[in-house]
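Here's the structure we're looking at; comments come further down.
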Amino acid sequence: MSRLKPIAIEPKFGLIVGFILIATAVIGTFSKWEEFYEIFAPNGLLLNWRFVFLLILLSVLTVWFIMNYFWQKEQNLNADLELSVQNLKDLLKLSELEHLMDPITGIPNVRSLENDFEAYFSYQINKPPVQFVFIDLKEFGKINKQFLSQKTNKLIRYIAQTIYLGMRRNENMFKFPVTEQKQKGDKEGFYRIFPGGDEFVFIIEGDQSEALGFVNRLLDKFGEFTKMTETILGEKRPLSFYCSIAQVDSRDRSFQDIFERAEICYRTVWTGATSNFAITWYPNNLENILSRDDKKAAIYKKTKDIFEVVPVVQSL
């Protein structure tokens with residue numbers, strides 16, 4: 001149902017109509033005064049239905065024009081107010097989006113990740129299987145130390161944006177800052193110095209083979225990333241990553257639950273790997289079930305061919 005609106009009267013049209021009425025009244029007064037007077041005041045009597053009708057008509061028109069003017073003025077004020085409110089809402093949405101985006105890479109940050117998991121855990125039934133994939137660019141800290149942060153930030157943004165723009169519908173990517181500190185050589189925690197960071201989390205909807213298929217495709221991109229280091233840094237540096245995959249299960253009740261398990265898996269691969277690309281996944285026994293499908297078995301085989309697979313403790 002459309003809202004009733006005042007009639008917008010252009011000033012130029014009002015002046016034209018007013019001029020015509022005044023001219024008509026003046027001409028009628030001087031040329032046909034007696035006939036005009038006789039119509040509305042027969043025998044000199046003003047209290048008659050014609051004169052009363054004229055007064056009512058003029059009063060109604062006057063009141064209508066006045067009310068329409070203020071109505072139009074009020075509507076204009078309301079329109080300006082609605083525009084201001086909408087602009088404020090847009091600014092709030094923009095601010096919220098900025099709050100959920102990593103400023104360096106331009107992809108969703110850990111706050112967005114936690115919000116998504118909160119929404120996921122709010123579903124009581126029919127939860128789709130989800131894989132938590134954590135990757136860390138190997139020895140990126142050395143690149144951060146050697147080159148200016150402006151260059152390394154540009155490189156990490158290029159890597160993040162290239163991966164992010166190539167994501168499939170069932171895949172999500174988040175920039176994950178690690179706040180835990182450790183001394184160099186201490187493998188009991190994460191080592192983080194520069195604010196750009198080199199850790200990412202991927203949430204893959206589907207079974208474990210879906211996550212493995214994703215990291216297999218991800219590895220293929222790192223040849224291109226290595227070539228880009230020469231363009232961005234001015235020196236070619238090999239890029240690789242370590243990866244852990246943990247499936248979200250029915251025992252998880254919060255983001256922290258799944259992250260703790262993924263962190264243990266990552267520490268396993270970080271301490272046990274000897275090659276550039278290494279991976280671990282949990283639970284291990286899913287491979288026996290999923291590999292009954294030839295296509296999924298091929299995914300597991302490819303993963304073992306291109307990654308160093310570090311086994312994780314099955315009782316995790």
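Here, A, B, ... name the chains of the structure tokens in the order displayed, residue numbers run from 1 inside each chain, and ligands are numbered from 1 in the same displayed order.
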Just list the residues in range 71-282 of chain A DSSP gives alpha helix (DSSP H) on the backbone, as an mmCIF file with N, CA and C atoms, in the first residue's frame.
```
data_model
loop_
_atom_site.group_PDB
_atom_site.id
_atom_site.type_symbol
_atom_site.label_atom_id
_atom_site.label_comp_id
_atom_site.auth_asym_id
_atom_site.auth_seq_id
_atom_site.Cartn_x
_atom_site.Cartn_y
_atom_site.Cartn_z
ATOM 1 N N TRP A 71 2.572 20.324 5.123
ATOM 2 C CA TRP A 71 2.686 18.868 4.934
ATOM 3 C C TRP A 71 3.906 18.534 4.064
ATOM 4 N N GLN A 72 4.039 19.290 2.961
ATOM 5 C CA GLN A 72 5.177 19.081 2.077
ATOM 6 C C GLN A 72 6.485 19.391 2.800
ATOM 7 N N LYS A 73 6.481 20.449 3.599
ATOM 8 C CA LYS A 73 7.675 20.827 4.351
ATOM 9 C C LYS A 73 8.045 19.739 5.353
ATOM 10 N N GLU A 74 7.050 19.190 6.044
ATOM 11 C CA GLU A 74 7.290 18.129 7.012
ATOM 12 C C GLU A 74 7.787 16.864 6.325
ATOM 13 N N GLN A 75 7.224 16.562 5.161
ATOM 14 C CA GLN A 75 7.678 15.375 4.437
ATOM 15 C C GLN A 75 9.130 15.524 3.993
ATOM 16 N N ASN A 76 9.499 16.708 3.549
ATOM 17 C CA ASN A 76 10.883 16.948 3.152
ATOM 18 C C ASN A 76 11.825 16.758 4.339
ATOM 19 N N LEU A 77 11.396 17.238 5.521
ATOM 20 C CA LEU A 77 12.211 17.056 6.719
ATOM 21 C C LEU A 77 12.337 15.573 7.065
ATOM 22 N N ASN A 78 11.214 14.848 6.948
ATOM 23 C CA ASN A 78 11.254 13.403 7.232
ATOM 24 C C ASN A 78 12.142 12.665 6.232
ATOM 25 N N ALA A 79 12.077 13.083 4.961
ATOM 26 C CA ALA A 79 12.924 12.449 3.950
ATOM 27 C C ALA A 79 14.401 12.686 4.262
ATOM 28 N N ASP A 80 14.719 13.906 4.683
ATOM 29 C CA ASP A 80 16.108 14.207 5.062
ATOM 30 C C ASP A 80 16.527 13.387 6.273
ATOM 31 N N LEU A 81 15.589 13.234 7.229
ATOM 32 C CA LEU A 81 15.884 12.453 8.427
ATOM 33 C C LEU A 81 16.094 10.981 8.071
ATOM 34 N N GLU A 82 15.223 10.434 7.202
ATOM 35 C CA GLU A 82 15.369 9.042 6.785
ATOM 36 C C GLU A 82 16.697 8.827 6.053
ATOM 37 N N LEU A 83 17.090 9.794 5.232
ATOM 38 C CA LEU A 83 18.365 9.692 4.524
ATOM 39 C C LEU A 83 19.532 9.700 5.506
ATOM 40 N N SER A 84 19.428 10.578 6.526
ATOM 41 C CA SER A 84 20.484 10.632 7.535
ATOM 42 C C SER A 84 20.567 9.327 8.320
ATOM 43 N N VAL A 85 19.384 8.765 8.666
ATOM 44 C CA VAL A 85 19.354 7.496 9.400
ATOM 45 C C VAL A 85 19.945 6.377 8.556
ATOM 46 N N GLN A 86 19.609 6.348 7.250
ATOM 47 C CA GLN A 86 20.139 5.319 6.364
ATOM 48 C C GLN A 86 21.645 5.460 6.207
ATOM 49 N N ASN A 87 22.112 6.707 6.099
ATOM 50 C CA ASN A 87 23.558 6.938 6.012
ATOM 51 C C ASN A 87 24.262 6.460 7.271
ATOM 52 N N LEU A 88 23.616 6.695 8.425
ATOM 53 C CA LEU A 88 24.196 6.242 9.690
ATOM 54 C C LEU A 88 24.243 4.718 9.748
ATOM 55 N N LYS A 89 23.160 4.073 9.276
ATOM 56 C CA LYS A 89 23.138 2.612 9.244
ATOM 57 C C LYS A 89 24.241 2.075 8.328
ATOM 58 N N ASP A 90 24.425 2.733 7.176
ATOM 59 C CA ASP A 90 25.463 2.300 6.246
ATOM 60 C C ASP A 90 26.845 2.449 6.866
ATOM 61 N N LEU A 91 27.038 3.552 7.606
ATOM 62 C CA LEU A 91 28.322 3.762 8.274
ATOM 63 C C LEU A 91 28.557 2.707 9.349
ATOM 64 N N LEU A 92 27.473 2.352 10.077
ATOM 65 C CA LEU A 92 27.603 1.320 11.109
ATOM 66 C C LEU A 92 27.924 -0.034 10.491
ATOM 67 N N LYS A 93 27.263 -0.346 9.355
ATOM 68 C CA LYS A 93 27.556 -1.605 8.668
ATOM 69 C C LYS A 93 29.000 -1.622 8.184
ATOM 70 N N LEU A 94 29.448 -0.484 7.633
ATOM 71 C CA LEU A 94 30.824 -0.396 7.159
ATOM 72 C C LEU A 94 31.802 -0.565 8.304
ATOM 73 N N SER A 95 31.473 0.078 9.446
ATOM 74 C CA SER A 95 32.330 -0.047 10.617
ATOM 75 C C SER A 95 32.382 -1.490 11.113
ATOM 76 N N GLU A 96 31.220 -2.163 11.094
ATOM 77 C CA GLU A 96 31.174 -3.560 11.527
ATOM 78 C C GLU A 96 31.969 -4.450 10.572
ATOM 79 N N LEU A 97 31.849 -4.166 9.267
ATOM 80 C CA LEU A 97 32.615 -4.937 8.294
ATOM 81 C C LEU A 97 34.115 -4.737 8.496
ATOM 82 N N GLU A 98 34.512 -3.482 8.763
ATOM 83 C CA GLU A 98 35.922 -3.214 9.020
ATOM 84 C C GLU A 98 36.385 -3.925 10.279
ATOM 85 N N HIS A 99 35.483 -4.010 11.267
ATOM 86 C CA HIS A 99 35.809 -4.685 12.519
ATOM 87 C C HIS A 99 36.034 -6.178 12.288
ATOM 88 N N VAL A 110 39.768 -13.095 12.721
ATOM 89 C CA VAL A 110 39.404 -14.109 13.711
ATOM 90 C C VAL A 110 38.064 -13.789 14.384
ATOM 91 N N ARG A 111 37.695 -12.516 14.476
ATOM 92 C CA ARG A 111 36.382 -12.165 15.044
ATOM 93 C C ARG A 111 35.268 -12.719 14.160
ATOM 94 N N SER A 112 35.451 -12.577 12.857
ATOM 95 C CA SER A 112 34.472 -13.135 11.919
ATOM 96 C C SER A 112 34.422 -14.651 12.034
ATOM 97 N N LEU A 113 35.583 -15.265 12.207
ATOM 98 C CA LEU A 113 35.658 -16.722 12.375
ATOM 99 C C LEU A 113 34.884 -17.163 13.609
ATOM 100 N N GLU A 114 35.077 -16.468 14.727
ATOM 101 C CA GLU A 114 34.375 -16.819 15.962
ATOM 102 C C GLU A 114 32.870 -16.620 15.818
ATOM 103 N N ASN A 115 32.457 -15.553 15.119
ATOM 104 C CA ASN A 115 31.030 -15.317 14.883
ATOM 105 C C ASN A 115 30.412 -16.447 14.065
ATOM 106 N N ASP A 116 31.139 -16.898 13.047
ATOM 107 C CA ASP A 116 30.631 -17.985 12.209
ATOM 108 C C ASP A 116 30.492 -19.277 13.009
ATOM 109 N N PHE A 117 31.460 -19.550 13.881
ATOM 110 C CA PHE A 117 31.376 -20.757 14.697
ATOM 111 C C PHE A 117 30.252 -20.652 15.721
ATOM 112 N N GLU A 118 30.048 -19.450 16.255
ATOM 113 C CA GLU A 118 28.938 -19.269 17.195
ATOM 114 C C GLU A 118 27.613 -19.570 16.515
ATOM 115 N N ALA A 119 27.472 -19.108 15.266
ATOM 116 C CA ALA A 119 26.253 -19.405 14.512
ATOM 117 C C ALA A 119 26.142 -20.898 14.224
ATOM 118 N N TYR A 120 27.273 -21.528 13.913
ATOM 119 C CA TYR A 120 27.262 -22.963 13.621
ATOM 120 C C TYR A 120 26.837 -23.772 14.843
ATOM 121 N N PHE A 121 27.383 -23.432 16.009
ATOM 122 C CA PHE A 121 27.061 -24.181 17.220
ATOM 123 C C PHE A 121 25.645 -23.903 17.720
ATOM 124 N N SER A 122 25.028 -22.838 17.211
ATOM 125 C CA SER A 122 23.653 -22.534 17.621
ATOM 126 C C SER A 122 22.652 -23.474 16.952
ATOM 127 N N PHE A 140 58.184 -17.762 7.149
ATOM 128 C CA PHE A 140 57.841 -16.430 6.663
ATOM 129 C C PHE A 140 58.402 -15.355 7.594
ATOM 130 N N GLY A 141 58.630 -15.731 8.858
ATOM 131 C CA GLY A 141 59.222 -14.782 9.802
ATOM 132 C C GLY A 141 60.591 -14.301 9.350
ATOM 133 N N LYS A 142 61.363 -15.176 8.699
ATOM 134 C CA LYS A 142 62.680 -14.773 8.199
ATOM 135 C C LYS A 142 62.542 -13.735 7.090
ATOM 136 N N ILE A 143 61.517 -13.901 6.257
ATOM 137 C CA ILE A 143 61.261 -12.915 5.202
ATOM 138 C C ILE A 143 60.872 -11.587 5.844
ATOM 139 N N ASN A 144 60.059 -11.649 6.892
ATOM 140 C CA ASN A 144 59.659 -10.429 7.591
ATOM 141 C C ASN A 144 60.861 -9.695 8.172
ATOM 142 N N LYS A 145 61.823 -10.446 8.662
ATOM 143 C CA LYS A 145 63.011 -9.832 9.257
ATOM 144 C C LYS A 145 63.905 -9.191 8.201
ATOM 145 N N GLN A 146 64.008 -9.840 7.047
ATOM 146 C CA GLN A 146 64.941 -9.390 6.023
ATOM 147 C C GLN A 146 64.417 -8.220 5.215
ATOM 148 N N SER A 149 58.504 -4.113 6.102
ATOM 149 C CA SER A 149 57.138 -4.584 6.342
ATOM 150 C C SER A 149 56.202 -4.192 5.210
ATOM 151 N N GLN A 150 56.460 -3.067 4.535
ATOM 152 C CA GLN A 150 55.610 -2.664 3.419
ATOM 153 C C GLN A 150 55.620 -3.715 2.316
ATOM 154 N N LYS A 151 56.797 -4.296 2.050
ATOM 155 C CA LYS A 151 56.900 -5.329 1.020
ATOM 156 C C LYS A 151 56.281 -6.640 1.488
ATOM 157 N N THR A 152 56.586 -7.024 2.725
ATOM 158 C CA THR A 152 56.064 -8.305 3.206
ATOM 159 C C THR A 152 54.554 -8.253 3.376
ATOM 160 N N ASN A 153 54.034 -7.104 3.788
ATOM 161 C CA ASN A 153 52.580 -6.960 3.884
ATOM 162 C C ASN A 153 51.929 -7.056 2.506
ATOM 163 N N LYS A 154 52.586 -6.478 1.509
ATOM 164 C CA LYS A 154 52.076 -6.569 0.139
ATOM 165 C C LYS A 154 52.075 -8.009 -0.335
ATOM 166 N N LEU A 155 53.131 -8.750 0.027
ATOM 167 C CA LEU A 155 53.216 -10.155 -0.371
ATOM 168 C C LEU A 155 52.135 -10.988 0.308
ATOM 169 N N ILE A 156 51.959 -10.802 1.620
ATOM 170 C CA ILE A 156 50.958 -11.597 2.343
ATOM 171 C C ILE A 156 49.552 -11.246 1.866
ATOM 172 N N ARG A 157 49.345 -9.976 1.478
ATOM 173 C CA ARG A 157 48.033 -9.584 0.960
ATOM 174 C C ARG A 157 47.798 -10.237 -0.407
ATOM 175 N N TYR A 158 48.834 -10.264 -1.236
ATOM 176 C CA TYR A 158 48.691 -10.905 -2.547
ATOM 177 C C TYR A 158 48.343 -12.385 -2.387
ATOM 178 N N ILE A 159 49.040 -13.058 -1.486
ATOM 179 C CA ILE A 159 48.780 -14.479 -1.250
ATOM 180 C C ILE A 159 47.350 -14.680 -0.754
ATOM 181 N N ALA A 160 46.952 -13.873 0.247
ATOM 182 C CA ALA A 160 45.621 -14.022 0.849
ATOM 183 C C ALA A 160 44.523 -13.740 -0.166
ATOM 184 N N GLN A 161 44.665 -12.664 -0.926
ATOM 185 C CA GLN A 161 43.630 -12.293 -1.882
ATOM 186 C C GLN A 161 43.521 -13.311 -3.019
ATOM 187 N N THR A 162 44.662 -13.835 -3.465
ATOM 188 C CA THR A 162 44.632 -14.836 -4.535
ATOM 189 C C THR A 162 43.889 -16.089 -4.077
ATOM 190 N N ILE A 163 44.176 -16.526 -2.859
ATOM 191 C CA ILE A 163 43.488 -17.712 -2.333
ATOM 192 C C ILE A 163 42.010 -17.406 -2.105
ATOM 193 N N TYR A 164 41.747 -16.263 -1.486
ATOM 194 C CA TYR A 164 40.375 -15.896 -1.097
ATOM 195 C C TYR A 164 39.451 -15.782 -2.313
ATOM 196 N N LEU A 165 39.943 -15.146 -3.369
ATOM 197 C CA LEU A 165 39.117 -14.958 -4.561
ATOM 198 C C LEU A 165 38.900 -16.256 -5.331
ATOM 199 N N GLN A 208 36.325 -35.070 5.440
ATOM 200 C CA GLN A 208 37.764 -34.826 5.483
ATOM 201 C C GLN A 208 38.389 -34.781 4.085
ATOM 202 N N SER A 209 37.876 -35.577 3.177
ATOM 203 C CA SER A 209 38.436 -35.591 1.821
ATOM 204 C C SER A 209 38.247 -34.239 1.133
ATOM 205 N N GLU A 210 37.170 -33.518 1.476
ATOM 206 C CA GLU A 210 36.947 -32.185 0.914
ATOM 207 C C GLU A 210 38.071 -31.240 1.338
ATOM 208 N N ALA A 211 38.456 -31.320 2.629
ATOM 209 C CA ALA A 211 39.534 -30.467 3.132
ATOM 210 C C ALA A 211 40.859 -30.837 2.482
ATOM 211 N N LEU A 212 41.111 -32.142 2.313
ATOM 212 C CA LEU A 212 42.351 -32.574 1.679
ATOM 213 C C LEU A 212 42.386 -32.140 0.213
ATOM 214 N N GLY A 213 41.266 -32.222 -0.452
ATOM 215 C CA GLY A 213 41.198 -31.747 -1.835
ATOM 216 C C GLY A 213 41.519 -30.258 -1.921
ATOM 217 N N PHE A 214 41.042 -29.507 -0.922
ATOM 218 C CA PHE A 214 41.318 -28.069 -0.899
ATOM 219 C C PHE A 214 42.808 -27.796 -0.731
ATOM 220 N N VAL A 215 43.470 -28.454 0.251
ATOM 221 C CA VAL A 215 44.885 -28.167 0.477
ATOM 222 C C VAL A 215 45.743 -28.690 -0.676
ATOM 223 N N ASN A 216 45.289 -29.724 -1.362
ATOM 224 C CA ASN A 216 46.008 -30.175 -2.555
ATOM 225 C C ASN A 216 46.017 -29.073 -3.620
ATOM 226 N N ARG A 217 44.846 -28.445 -3.825
ATOM 227 C CA ARG A 217 44.771 -27.337 -4.790
ATOM 228 C C ARG A 217 45.568 -26.134 -4.300
ATOM 229 N N LEU A 218 45.563 -25.932 -2.994
ATOM 230 C CA LEU A 218 46.292 -24.802 -2.424
ATOM 231 C C LEU A 218 47.795 -24.932 -2.678
ATOM 232 N N LEU A 219 48.321 -26.141 -2.532
ATOM 233 C CA LEU A 219 49.753 -26.359 -2.768
ATOM 234 C C LEU A 219 50.130 -25.989 -4.207
ATOM 235 N N ASP A 220 49.232 -26.265 -5.144
ATOM 236 C CA ASP A 220 49.521 -25.964 -6.543
ATOM 237 C C ASP A 220 49.748 -24.471 -6.774
ATOM 238 N N LYS A 221 49.150 -23.618 -5.932
ATOM 239 C CA LYS A 221 49.278 -22.166 -6.093
ATOM 240 C C LYS A 221 50.642 -21.646 -5.619
ATOM 241 N N PHE A 222 51.342 -22.435 -4.818
ATOM 242 C CA PHE A 222 52.550 -21.899 -4.195
ATOM 243 C C PHE A 222 53.725 -21.777 -5.172
ATOM 244 N N GLY A 223 53.654 -22.424 -6.305
ATOM 245 C CA GLY A 223 54.639 -22.169 -7.347
ATOM 246 C C GLY A 223 54.516 -20.740 -7.853
ATOM 247 N N GLU A 224 53.271 -20.303 -8.065
ATOM 248 C CA GLU A 224 53.006 -18.930 -8.496
ATOM 249 C C GLU A 224 53.423 -17.932 -7.414
ATOM 250 N N PHE A 225 53.126 -18.261 -6.157
ATOM 251 C CA PHE A 225 53.485 -17.352 -5.058
ATOM 252 C C PHE A 225 54.999 -17.177 -4.957
ATOM 253 N N THR A 226 55.734 -18.255 -5.141
ATOM 254 C CA THR A 226 57.194 -18.179 -5.092
ATOM 255 C C THR A 226 57.721 -17.265 -6.201
ATOM 256 N N LYS A 227 57.149 -17.372 -7.400
ATOM 257 C CA LYS A 227 57.564 -16.494 -8.498
ATOM 258 C C LYS A 227 57.286 -15.025 -8.180
ATOM 259 N N MET A 228 56.171 -14.754 -7.495
ATOM 260 C CA MET A 228 55.804 -13.378 -7.187
ATOM 261 C C MET A 228 56.715 -12.752 -6.139
ATOM 262 N N THR A 229 57.409 -13.560 -5.370
ATOM 263 C CA THR A 229 58.315 -12.984 -4.372
ATOM 264 C C THR A 229 59.400 -12.143 -5.043
ATOM 265 N N GLU A 230 59.842 -12.565 -6.217
ATOM 266 C CA GLU A 230 60.873 -11.798 -6.922
ATOM 267 C C GLU A 230 60.334 -10.443 -7.353
ATOM 268 N N THR A 231 59.063 -10.401 -7.785
ATOM 269 C CA THR A 231 58.451 -9.148 -8.210
ATOM 270 C C THR A 231 58.193 -8.224 -7.029
ATOM 271 N N ILE A 232 57.691 -8.768 -5.926
ATOM 272 C CA ILE A 232 57.300 -7.941 -4.782
ATOM 273 C C ILE A 232 58.479 -7.617 -3.878
ATOM 274 N N LEU A 233 59.316 -8.610 -3.616
ATOM 275 C CA LEU A 233 60.428 -8.416 -2.676
ATOM 276 C C LEU A 233 61.716 -7.988 -3.363
ATOM 277 N N PHE A 255 34.208 -22.413 19.773
ATOM 278 C CA PHE A 255 35.349 -22.234 18.885
ATOM 279 C C PHE A 255 36.634 -22.698 19.554
ATOM 280 N N GLN A 256 36.755 -22.447 20.857
ATOM 281 C CA GLN A 256 37.970 -22.807 21.576
ATOM 282 C C GLN A 256 38.204 -24.313 21.570
ATOM 283 N N ASP A 257 37.117 -25.082 21.652
ATOM 284 C CA ASP A 257 37.240 -26.549 21.641
ATOM 285 C C ASP A 257 37.924 -27.035 20.374
ATOM 286 N N ILE A 258 37.420 -26.568 19.241
ATOM 287 C CA ILE A 258 37.966 -27.040 17.968
ATOM 288 C C ILE A 258 39.358 -26.485 17.743
ATOM 289 N N PHE A 259 39.604 -25.237 18.168
ATOM 290 C CA PHE A 259 40.929 -24.665 17.937
ATOM 291 C C PHE A 259 41.999 -25.375 18.758
ATOM 292 N N GLU A 260 41.680 -25.750 19.988
ATOM 293 C CA GLU A 260 42.668 -26.457 20.815
ATOM 294 C C GLU A 260 43.086 -27.764 20.148
ATOM 295 N N ARG A 261 42.122 -28.482 19.567
ATOM 296 C CA ARG A 261 42.450 -29.734 18.904
ATOM 297 C C ARG A 261 43.271 -29.474 17.631
ATOM 298 N N ALA A 262 42.887 -28.438 16.887
ATOM 299 C CA ALA A 262 43.643 -28.097 15.680
ATOM 300 C C ALA A 262 45.056 -27.643 16.029
ATOM 301 N N GLU A 263 45.204 -26.956 17.162
ATOM 302 C CA GLU A 263 46.520 -26.486 17.586
ATOM 303 C C GLU A 263 47.438 -27.662 17.940
ATOM 304 N N ILE A 264 46.887 -28.662 18.630
ATOM 305 C CA ILE A 264 47.680 -29.855 18.961
ATOM 306 C C ILE A 264 48.126 -30.551 17.683
ATOM 307 N N CYS A 265 47.221 -30.651 16.714
ATOM 308 C CA CYS A 265 47.574 -31.267 15.433
ATOM 309 C C CYS A 265 48.677 -30.470 14.747
ATOM 310 N N TYR A 266 48.557 -29.146 14.796
ATOM 311 C CA TYR A 266 49.575 -28.329 14.136
ATOM 312 C C TYR A 266 50.934 -28.478 14.817
ATOM 313 N N ARG A 267 50.955 -28.488 16.120
ATOM 314 C CA ARG A 267 52.234 -28.661 16.817
ATOM 315 C C ARG A 267 52.879 -29.995 16.468
ATOM 316 N N THR A 268 52.032 -30.992 16.226
ATOM 317 C CA THR A 268 52.556 -32.301 15.807
ATOM 318 C C THR A 268 53.307 -32.191 14.494
ATOM 319 N N VAL A 269 52.694 -31.516 13.517
ATOM 320 C CA VAL A 269 53.336 -31.405 12.212
ATOM 321 C C VAL A 269 54.514 -30.438 12.273
ATOM 322 N N TRP A 270 54.412 -29.408 13.092
ATOM 323 C CA TRP A 270 55.473 -28.398 13.173
ATOM 324 C C TRP A 270 56.749 -28.977 13.793
ATOM 325 N N THR A 271 56.569 -29.841 14.766
ATOM 326 C CA THR A 271 57.744 -30.434 15.419
ATOM 327 C C THR A 271 58.276 -31.661 14.696
ATOM 328 N N GLY A 272 57.409 -32.326 13.900
ATOM 329 C CA GLY A 272 57.826 -33.597 13.298
ATOM 330 C C GLY A 272 58.177 -33.535 11.838
#
```
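Computed from the coordinates, the CA of Ala297 in chain A to CA of Met173 in chain A distance equals 25.3 Å.
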**Request:** For Leu137 in chain A, work out the shell of residues within 6 Å, counting only C-alpha atoms and skipping chain neighbours fewer than 6 positions away, then give it as a list in words.
**Result:** Asp198, Ser240 and Phe241 of chain A
**Asked** In range 61-301 of chain A, what's strand (DSSP E or B) per DSSP? Answer as a PyMOL selection string?
**Response** chain A and resi 101+108+130-137+171-175+199-205+241-247+278-282
**Message:** Here is a test: counting only C-alpha atoms, which residue of A:Glu287, A:Asp102, A:Glu171, A:Glu199 is nearest to Glu139 in chain A?
**Reply:**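 Residue with the minimum atom-to-atom distance to Glu139 in chain A: A:Glu199.
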**Asked** Using only C-alpha atoms, which of the listed residues (A:Val133, A:Leu58, A:Leu239, A:Ile107) sits closest to Lys175 in chain A?
**Response** A:Ile107
**Message:** Excluding Pro128 in chain A and its own-chain neighbours fewer than 6 positions away, which residues fall within 12 Å of it when counting only C-alpha atoms? Please give them as a PyMOL selection string.
**Reply:** chain A and resi 120-121+170+203-207+247-250
Output C-alpha atoms for every residue in that selection, as a compact mmCIF listing (two decimals), in the first residue's frame.
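Listed below is the output, selection_25.txt:
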```txt
# COMPACT_ATOMS: atom_id res chain seq x y z
CA TYR A 120 27.26 -22.96 13.62
CA PHE A 121 27.06 -24.18 17.22
CA ASN A 170 31.73 -24.56 0.57
CA ILE A 203 36.59 -23.73 7.15
CA ILE A 204 35.57 -26.39 4.66
CA GLU A 205 32.04 -27.78 4.65
CA GLY A 206 32.06 -31.48 3.92
CA ASP A 207 34.01 -34.54 4.98
CA GLN A 247 37.09 -32.27 11.99
CA VAL A 248 34.47 -30.55 14.11
CA ASP A 249 32.53 -33.21 15.99
CA SER A 250 29.53 -33.46 18.29
```
**Message:** What does the structure give for the distance between CA of Phe200 in chain A and CA of Phe147 in chain A, in Å to one decimal?
**Reply:**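 Straight-line distance from CA of Phe200 in chain A to CA of Phe147 in chain A works out to 21.1 Å.
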